[in-house]
Amino acid sequence: MTDYAKLDAWIDAHFDEEVQFLQQLVQVPTDTPPGNNAPHAERTAELLKDFGLDAEKHAVPEQEVKDYGLESITNLIVRRKYGKDGDGGRTVALNAHGDVVPPGEGWTHDPYGGEIADGSLYGRAAAVSKSDFASFTFALRALEAVARPAKGGVELHFTYDEEFGGILGPGWLLKQGLTRPDLMIAAGFSYEVVTAHNGCLQMEVTVHGKMAHAAIPTTGVDALQGAVKILNALYAQNTLYQQVTSKVEGITHPYLNVGRIEGGTNTNVVPGKVVFKLDRRMIPEENPVEVEATIRKVIADAAAESTGITVEIKRLLLANSMKPLAGNKPLVDAIQKHGEQVFGEPIKAMGTPLYTDVRLYGEAGIPGVIYGAGPRTVLESHAKRSDERVVLEDLRRATKVIARTLSDLLA
């Protein structure tokens, strides 16, 4: 029996245990906001200890977390070194994030139940990305049980700031000098290996007018009318973005979404203030500085059309796009080879319109890719929607691909 077959057999023999591990992770909520995620890290560390894996707990200082708009973050690192302290080989990091958006409405399964139905495990973060806490952990366990590397090392990075941009997750671990792997794989889906992704700019726009009684509206300045002009100008930009195309397969064009709007005080009052939040996705070819400057100008020009309207613009997030680093070839080659063998179909290397933590490793000069347990599309996984789920057979097979890939990289 080849080592690959032995790795596969170990994973099959321990798959019920892997599923139970994932169920236990889903059953501890990590809704972000509010972002009280340290309890999940504590529970994860307990479960890892049962497998003989010691997790270093790196708590981000409380004030830093609160200033960021969250409640608690403890990031975990499991370090496994082979041979003489990992000498003579590569260190490969596997990163998955535990924080996730709140469940929202419309669920037919308990979002924190980890219920299994029709071959899938349901729950918030079941697909993105607690499934890869499981796939990465059990790939590592299979590697050590079967392949027993003689050199190099593996690190598990389980972090809790992806929804807010990653700065206090992988970004914080890298900035503190707590890790410096040679290569990394981040949580993803099973049918493609992602080498590039969009960037994301999020902004909060506050439109100020002047409140007045609705019976004498001319004594006020309608902030909502001002906001409508600004929104129309932004949506006009959104139409223009369709003419800007990316050369990266899997990524189309930039786009803009206004995801939240609030304002006014009552139906009989001219609104004096309206606040909205926008999300601008940037293709890898775009310059984030230019993108932000253009949006600020569009907003300012539209506001200037309404007498008495002023605006404040606050940047909430700037996540750069991920551009492929030349050193990622060993990762891509290994995942494509084993992915095709295990899934029985070619695994494409391509880009994704999402933004992820991987960019932070890339910005630190660490080549990385996105690969893990999940379906062909975000839509199929129901990520960020009701009834999020991971197909258990995808989880099983992705774990095998990761284990085989680690075996190759550490051979």
# chains A, B, ... in the order shown; residues from 1 in each chain; ligands from 1
call {"tool": "closest_atom_pairs", "arguments": {"of": "range 332-397 of chain A", "to": "range 196-216 of chain A", "cutoff": "7 Å", "atoms": "only C-alpha atoms", "output": "JSON lines"}}
result
{"residue": "A:Met350", "atom": "CA", "partner": "A:Ala196", "partner_atom": "CA", "distance": 6.8}
{"residue": "A:Gly351", "atom": "CA", "partner": "A:Ala196", "partner_atom": "CA", "distance": 4.5}
{"residue": "A:Thr352", "atom": "CA", "partner": "A:His197", "partner_atom": "CA", "distance": 4.8}
{"residue": "A:Pro353", "atom": "CA", "partner": "A:Asn198", "partner_atom": "CA", "distance": 5.1}
{"residue": "A:Leu354", "atom": "CA", "partner": "A:Asn198", "partner_atom": "CA", "distance": 5.8}
{"residue": "A:Tyr355", "atom": "CA", "partner": "A:Asn198", "partner_atom": "CA", "distance": 5.4}
call {"tool": "write_last_selection", "arguments": {"atoms": "all heavy atoms", "output": "PDB file, in the first residue's frame"}}
result
ATOM      1  N   MET A 350      -7.441  29.128 -10.119  1.00  0.00           N
ATOM      2  CA  MET A 350      -8.174  30.306 -10.575  1.00  0.00           C
ATOM      3  C   MET A 350      -8.317  31.332  -9.467  1.00  0.00           C
ATOM      4  O   MET A 350      -7.807  31.156  -8.360  1.00  0.00           O
ATOM      5  CB  MET A 350      -9.552  29.884 -11.107  1.00  0.00           C
ATOM      6  CG  MET A 350     -10.404  29.141 -10.095  1.00  0.00           C
ATOM      7  SD  MET A 350     -11.831  28.303 -10.855  1.00  0.00           S
ATOM      8  CE  MET A 350     -12.665  29.677 -11.648  1.00  0.00           C
ATOM      9  N   GLY A 351      -9.008  32.420  -9.787  1.00  0.00           N
ATOM     10  CA  GLY A 351      -9.259  33.478  -8.818  1.00  0.00           C
ATOM     11  C   GLY A 351     -10.670  33.381  -8.269  1.00  0.00           C
ATOM     12  O   GLY A 351     -11.507  32.646  -8.778  1.00  0.00           O
ATOM     13  N   THR A 352     -10.919  34.148  -7.209  1.00  0.00           N
ATOM     14  CA  THR A 352     -12.258  34.191  -6.616  1.00  0.00           C
ATOM     15  C   THR A 352     -12.629  35.648  -6.325  1.00  0.00           C
ATOM     16  O   THR A 352     -11.762  36.455  -5.979  1.00  0.00           O
ATOM     17  CB  THR A 352     -12.329  33.360  -5.322  1.00  0.00           C
ATOM     18  OG1 THR A 352     -13.654  33.484  -4.756  1.00  0.00           O
ATOM     19  CG2 THR A 352     -11.326  33.841  -4.285  1.00  0.00           C
ATOM     20  N   PRO A 353     -13.919  35.990  -6.424  1.00  0.00           N
ATOM     21  CA  PRO A 353     -14.334  37.370  -6.121  1.00  0.00           C
ATOM     22  C   PRO A 353     -14.364  37.684  -4.630  1.00  0.00           C
ATOM     23  O   PRO A 353     -14.534  38.831  -4.243  1.00  0.00           O
ATOM     24  CB  PRO A 353     -15.744  37.454  -6.726  1.00  0.00           C
ATOM     25  CG  PRO A 353     -16.225  36.040  -6.798  1.00  0.00           C
ATOM     26  CD  PRO A 353     -15.007  35.200  -7.024  1.00  0.00           C
ATOM     27  N   LEU A 354     -14.191  36.684  -3.777  1.00  0.00           N
ATOM     28  CA  LEU A 354     -14.149  36.926  -2.336  1.00  0.00           C
ATOM     29  C   LEU A 354     -12.849  37.612  -1.950  1.00  0.00           C
ATOM     30  O   LEU A 354     -11.896  37.638  -2.722  1.00  0.00           O
ATOM     31  CB  LEU A 354     -14.234  35.595  -1.587  1.00  0.00           C
ATOM     32  CG  LEU A 354     -15.442  34.701  -1.871  1.00  0.00           C
ATOM     33  CD1 LEU A 354     -15.253  33.359  -1.188  1.00  0.00           C
ATOM     34  CD2 LEU A 354     -16.722  35.357  -1.388  1.00  0.00           C
ATOM     35  N   TYR A 355     -12.787  38.141  -0.734  1.00  0.00           N
ATOM     36  CA  TYR A 355     -11.479  38.536  -0.189  1.00  0.00           C
ATOM     37  C   TYR A 355     -11.241  37.704   1.065  1.00  0.00           C
ATOM     38  O   TYR A 355     -12.190  37.300   1.745  1.00  0.00           O
ATOM     39  CB  TYR A 355     -11.404  40.030   0.120  1.00  0.00           C
ATOM     40  CG  TYR A 355     -12.144  40.483   1.352  1.00  0.00           C
ATOM     41  CD1 TYR A 355     -11.516  40.523   2.598  1.00  0.00           C
ATOM     42  CD2 TYR A 355     -13.481  40.875   1.282  1.00  0.00           C
ATOM     43  CE1 TYR A 355     -12.200  40.938   3.729  1.00  0.00           C
ATOM     44  CE2 TYR A 355     -14.168  41.287   2.412  1.00  0.00           C
ATOM     45  CZ  TYR A 355     -13.527  41.312   3.622  1.00  0.00           C
ATOM     46  OH  TYR A 355     -14.206  41.720   4.746  1.00  0.00           O
TER      47      TYR A 355
END
call {"tool": "residues_around", "arguments": {"residues": "His40 in chain A", "least_positions_apart": "5", "cutoff": "9 Å", "atoms": "only C-alpha atoms", "output": "list in words"}}
result
Leu25, Val28, Pro29, Thr30, Ala45, Thr74 and Gly98 of chain A
call {"tool": "select_by_dssp", "arguments": {"residues": "range 198-236 of chain A", "states": "strand (DSSP E or B)", "output": "number ranges by chain"}}
result
A: 199-208, 210, 212-213, 221
call {"tool": "select_by_dssp", "arguments": {"residues": "range 321-351 of chain A", "states": "helix (DSSP H, G or I)", "output": "PyMOL selection string"}}
result
chain A and resi 326-343
call {"tool": "write_last_selection", "arguments": {"atoms": "N, CA, C and O atoms", "output": "PDB file, in the first residue's frame"}}
result
ATOM      1  N   ALA A 326       5.067  33.827  -7.043  1.00  0.00           N
ATOM      2  CA  ALA A 326       5.711  32.778  -7.847  1.00  0.00           C
ATOM      3  C   ALA A 326       5.963  31.503  -7.045  1.00  0.00           C
ATOM      4  O   ALA A 326       5.887  30.396  -7.562  1.00  0.00           O
ATOM      5  N   GLY A 327       6.248  31.649  -5.761  1.00  0.00           N
ATOM      6  CA  GLY A 327       6.594  30.491  -4.946  1.00  0.00           C
ATOM      7  C   GLY A 327       5.450  29.557  -4.629  1.00  0.00           C
ATOM      8  O   GLY A 327       5.644  28.552  -3.943  1.00  0.00           O
ATOM      9  N   ASN A 328       4.226  29.867  -5.117  1.00  0.00           N
ATOM     10  CA  ASN A 328       3.092  29.006  -4.763  1.00  0.00           C
ATOM     11  C   ASN A 328       2.983  27.757  -5.637  1.00  0.00           C
ATOM     12  O   ASN A 328       2.124  26.913  -5.411  1.00  0.00           O
ATOM     13  N   LYS A 329       3.870  27.609  -6.619  1.00  0.00           N
ATOM     14  CA  LYS A 329       3.757  26.499  -7.576  1.00  0.00           C
ATOM     15  C   LYS A 329       3.738  25.122  -6.912  1.00  0.00           C
ATOM     16  O   LYS A 329       2.916  24.268  -7.290  1.00  0.00           O
ATOM     17  N   PRO A 330       4.620  24.830  -5.906  1.00  0.00           N
ATOM     18  CA  PRO A 330       4.557  23.511  -5.279  1.00  0.00           C
ATOM     19  C   PRO A 330       3.184  23.204  -4.669  1.00  0.00           C
ATOM     20  O   PRO A 330       2.714  22.070  -4.708  1.00  0.00           O
ATOM     21  N   LEU A 331       2.547  24.225  -4.100  1.00  0.00           N
ATOM     22  CA  LEU A 331       1.210  24.052  -3.530  1.00  0.00           C
ATOM     23  C   LEU A 331       0.190  23.749  -4.609  1.00  0.00           C
ATOM     24  O   LEU A 331      -0.597  22.804  -4.496  1.00  0.00           O
ATOM     25  N   VAL A 332       0.208  24.561  -5.653  1.00  0.00           N
ATOM     26  CA  VAL A 332      -0.757  24.393  -6.741  1.00  0.00           C
ATOM     27  C   VAL A 332      -0.589  23.022  -7.390  1.00  0.00           C
ATOM     28  O   VAL A 332      -1.565  22.280  -7.607  1.00  0.00           O
ATOM     29  N   ASP A 333       0.645  22.655  -7.686  1.00  0.00           N
ATOM     30  CA  ASP A 333       0.903  21.376  -8.362  1.00  0.00           C
ATOM     31  C   ASP A 333       0.420  20.198  -7.524  1.00  0.00           C
ATOM     32  O   ASP A 333      -0.226  19.276  -8.036  1.00  0.00           O
ATOM     33  N   ALA A 334       0.751  20.217  -6.234  1.00  0.00           N
ATOM     34  CA  ALA A 334       0.381  19.085  -5.370  1.00  0.00           C
ATOM     35  C   ALA A 334      -1.136  18.988  -5.211  1.00  0.00           C
ATOM     36  O   ALA A 334      -1.712  17.892  -5.302  1.00  0.00           O
ATOM     37  N   ILE A 335      -1.797  20.114  -4.977  1.00  0.00           N
ATOM     38  CA  ILE A 335      -3.255  20.091  -4.782  1.00  0.00           C
ATOM     39  C   ILE A 335      -3.959  19.668  -6.064  1.00  0.00           C
ATOM     40  O   ILE A 335      -4.916  18.881  -6.038  1.00  0.00           O
ATOM     41  N   GLN A 336      -3.487  20.169  -7.203  1.00  0.00           N
ATOM     42  CA  GLN A 336      -4.121  19.769  -8.466  1.00  0.00           C
ATOM     43  C   GLN A 336      -3.937  18.268  -8.727  1.00  0.00           C
ATOM     44  O   GLN A 336      -4.877  17.587  -9.138  1.00  0.00           O
ATOM     45  N   LYS A 337      -2.742  17.759  -8.469  1.00  0.00           N
ATOM     46  CA  LYS A 337      -2.471  16.336  -8.708  1.00  0.00           C
ATOM     47  C   LYS A 337      -3.365  15.467  -7.828  1.00  0.00           C
ATOM     48  O   LYS A 337      -4.065  14.571  -8.319  1.00  0.00           O
ATOM     49  N   HIS A 338      -3.348  15.735  -6.535  1.00  0.00           N
ATOM     50  CA  HIS A 338      -4.106  14.883  -5.620  1.00  0.00           C
ATOM     51  C   HIS A 338      -5.602  15.161  -5.696  1.00  0.00           C
ATOM     52  O   HIS A 338      -6.415  14.241  -5.520  1.00  0.00           O
ATOM     53  N   GLY A 339      -5.973  16.409  -5.970  1.00  0.00           N
ATOM     54  CA  GLY A 339      -7.388  16.729  -6.127  1.00  0.00           C
ATOM     55  C   GLY A 339      -8.009  15.938  -7.262  1.00  0.00           C
ATOM     56  O   GLY A 339      -9.105  15.384  -7.127  1.00  0.00           O
ATOM     57  N   GLU A 340      -7.304  15.868  -8.374  1.00  0.00           N
ATOM     58  CA  GLU A 340      -7.844  15.112  -9.519  1.00  0.00           C
ATOM     59  C   GLU A 340      -7.940  13.625  -9.198  1.00  0.00           C
ATOM     60  O   GLU A 340      -8.904  12.959  -9.550  1.00  0.00           O
ATOM     61  N   GLN A 341      -6.933  13.105  -8.477  1.00  0.00           N
ATOM     62  CA  GLN A 341      -6.959  11.678  -8.130  1.00  0.00           C
ATOM     63  C   GLN A 341      -8.089  11.356  -7.152  1.00  0.00           C
ATOM     64  O   GLN A 341      -8.777  10.343  -7.289  1.00  0.00           O
ATOM     65  N   VAL A 342      -8.286  12.217  -6.172  1.00  0.00           N
ATOM     66  CA  VAL A 342      -9.274  11.928  -5.128  1.00  0.00           C
ATOM     67  C   VAL A 342     -10.698  12.256  -5.589  1.00  0.00           C
ATOM     68  O   VAL A 342     -11.637  11.506  -5.317  1.00  0.00           O
ATOM     69  N   PHE A 343     -10.869  13.382  -6.300  1.00  0.00           N
ATOM     70  CA  PHE A 343     -12.210  13.801  -6.718  1.00  0.00           C
ATOM     71  C   PHE A 343     -12.594  13.279  -8.102  1.00  0.00           C
ATOM     72  O   PHE A 343     -13.758  13.361  -8.490  1.00  0.00           O
TER      73      PHE A 343
END
call {"tool": "atom_distance", "arguments": {"atom1": "CA of Gly113 in chain A", "atom2": "CA of Ala186 in chain A"}}
result
25.0 Å
call {"tool": "atom_distance", "arguments": {"atom1": "CA of Gly83 in chain A", "atom2": "CA of Phe138 in chain A"}}
result
20.7 Å
call {"tool": "closest_atom_pairs", "arguments": {"of": "range 334-364 of chain A", "to": "range 318-323 of chain A", "cutoff": "8 Å", "atoms": "only C-alpha atoms", "output": "CSV"}}
result
residue,atom,partner,partner_atom,distance
A:Tyr355,CA,A:Ser321,CA,6.9
A:Val358,CA,A:Met322,CA,7.1
A:Arg359,CA,A:Met322,CA,4.7
A:Gly362,CA,A:Met322,CA,6.9
call {"tool": "closest_residue", "arguments": {"among": "A:Val228, A:Ala349, A:Ala125, A:Ile251", "to": "Val275 in chain A", "atoms": "only C-alpha atoms"}}
result
A:Val228
call {"tool": "atom_distance", "arguments": {"atom1": "CA of Met282 in chain A", "atom2": "CA of Pro254 in chain A"}}
result
5.2 Å
call {"tool": "residues_around", "arguments": {"residues": "Arg404 in chain A", "least_positions_apart": "2", "cutoff": "9 Å", "atoms": "only C-alpha atoms", "output": "list in words"}}
result
Asp3, Tyr4, Leu7, Asp8, Ala139, Leu143, Ala334, Ile335, His338, Thr399, Lys400, Val401, Ile402, Leu406, Ser407, Asp408 and Leu409 of chain A
call {"tool": "write_last_selection", "arguments": {"atoms": "N, CA and C atoms", "output": "mmCIF file, in the first residue's frame"}}
result
data_model
loop_
_atom_site.group_PDB
_atom_site.id
_atom_site.type_symbol
_atom_site.label_atom_id
_atom_site.label_comp_id
_atom_site.auth_asym_id
_atom_site.auth_seq_id
_atom_site.Cartn_x
_atom_site.Cartn_y
_atom_site.Cartn_z
ATOM 1 N N ASP A 3 1.953 5.254 0.527
ATOM 2 C CA ASP A 3 1.658 6.171 1.630
ATOM 3 C C ASP A 3 0.347 6.911 1.385
ATOM 4 N N TYR A 4 0.078 7.266 0.114
ATOM 5 C CA TYR A 4 -1.179 7.970 -0.193
ATOM 6 C C TYR A 4 -2.368 7.109 0.194
ATOM 7 N N LEU A 7 -2.653 7.028 3.910
ATOM 8 C CA LEU A 7 -3.226 8.284 4.411
ATOM 9 C C LEU A 7 -4.747 8.274 4.235
ATOM 10 N N ASP A 8 -5.185 7.880 3.042
ATOM 11 C CA ASP A 8 -6.625 7.830 2.763
ATOM 12 C C ASP A 8 -7.320 6.879 3.732
ATOM 13 N N ALA A 139 -5.974 16.108 8.554
ATOM 14 C CA ALA A 139 -4.895 15.894 7.578
ATOM 15 C C ALA A 139 -3.556 15.826 8.301
ATOM 16 N N LEU A 143 -1.084 12.619 8.557
ATOM 17 C CA LEU A 143 0.328 12.760 8.152
ATOM 18 C C LEU A 143 1.246 12.173 9.219
ATOM 19 N N ALA A 334 0.751 20.217 -6.234
ATOM 20 C CA ALA A 334 0.381 19.085 -5.370
ATOM 21 C C ALA A 334 -1.136 18.988 -5.211
ATOM 22 N N ILE A 335 -1.797 20.114 -4.977
ATOM 23 C CA ILE A 335 -3.255 20.091 -4.782
ATOM 24 C C ILE A 335 -3.959 19.668 -6.064
ATOM 25 N N HIS A 338 -3.348 15.735 -6.535
ATOM 26 C CA HIS A 338 -4.106 14.883 -5.620
ATOM 27 C C HIS A 338 -5.602 15.161 -5.696
ATOM 28 N N THR A 399 -9.889 16.448 3.040
ATOM 29 C CA THR A 399 -8.916 16.077 4.076
ATOM 30 C C THR A 399 -7.824 15.195 3.480
ATOM 31 N N LYS A 400 -8.222 14.276 2.604
ATOM 32 C CA LYS A 400 -7.242 13.400 1.937
ATOM 33 C C LYS A 400 -6.305 14.211 1.040
ATOM 34 N N VAL A 401 -6.863 15.167 0.302
ATOM 35 C CA VAL A 401 -6.027 15.983 -0.600
ATOM 36 C C VAL A 401 -5.006 16.780 0.208
ATOM 37 N N ILE A 402 -5.433 17.367 1.320
ATOM 38 C CA ILE A 402 -4.522 18.156 2.158
ATOM 39 C C ILE A 402 -3.434 17.259 2.750
ATOM 40 N N LEU A 406 0.535 17.701 2.044
ATOM 41 C CA LEU A 406 1.546 17.882 3.100
ATOM 42 C C LEU A 406 2.637 16.814 2.988
ATOM 43 N N SER A 407 2.233 15.599 2.712
ATOM 44 C CA SER A 407 3.216 14.504 2.555
ATOM 45 C C SER A 407 4.207 14.820 1.457
ATOM 46 N N ASP A 408 3.721 15.343 0.324
ATOM 47 C CA ASP A 408 4.612 15.708 -0.790
ATOM 48 C C ASP A 408 5.542 16.857 -0.389
ATOM 49 N N LEU A 409 4.964 17.891 0.236
ATOM 50 C CA LEU A 409 5.741 19.104 0.535
ATOM 51 C C LEU A 409 6.814 18.855 1.590
#
call {"tool": "closest_residue", "arguments": {"among": "A:Ala223, A:Ala134, A:Leu76, A:Ala117", "to": "Gln20 in chain A", "atoms": "only C-alpha atoms"}}
result
A:Ala134
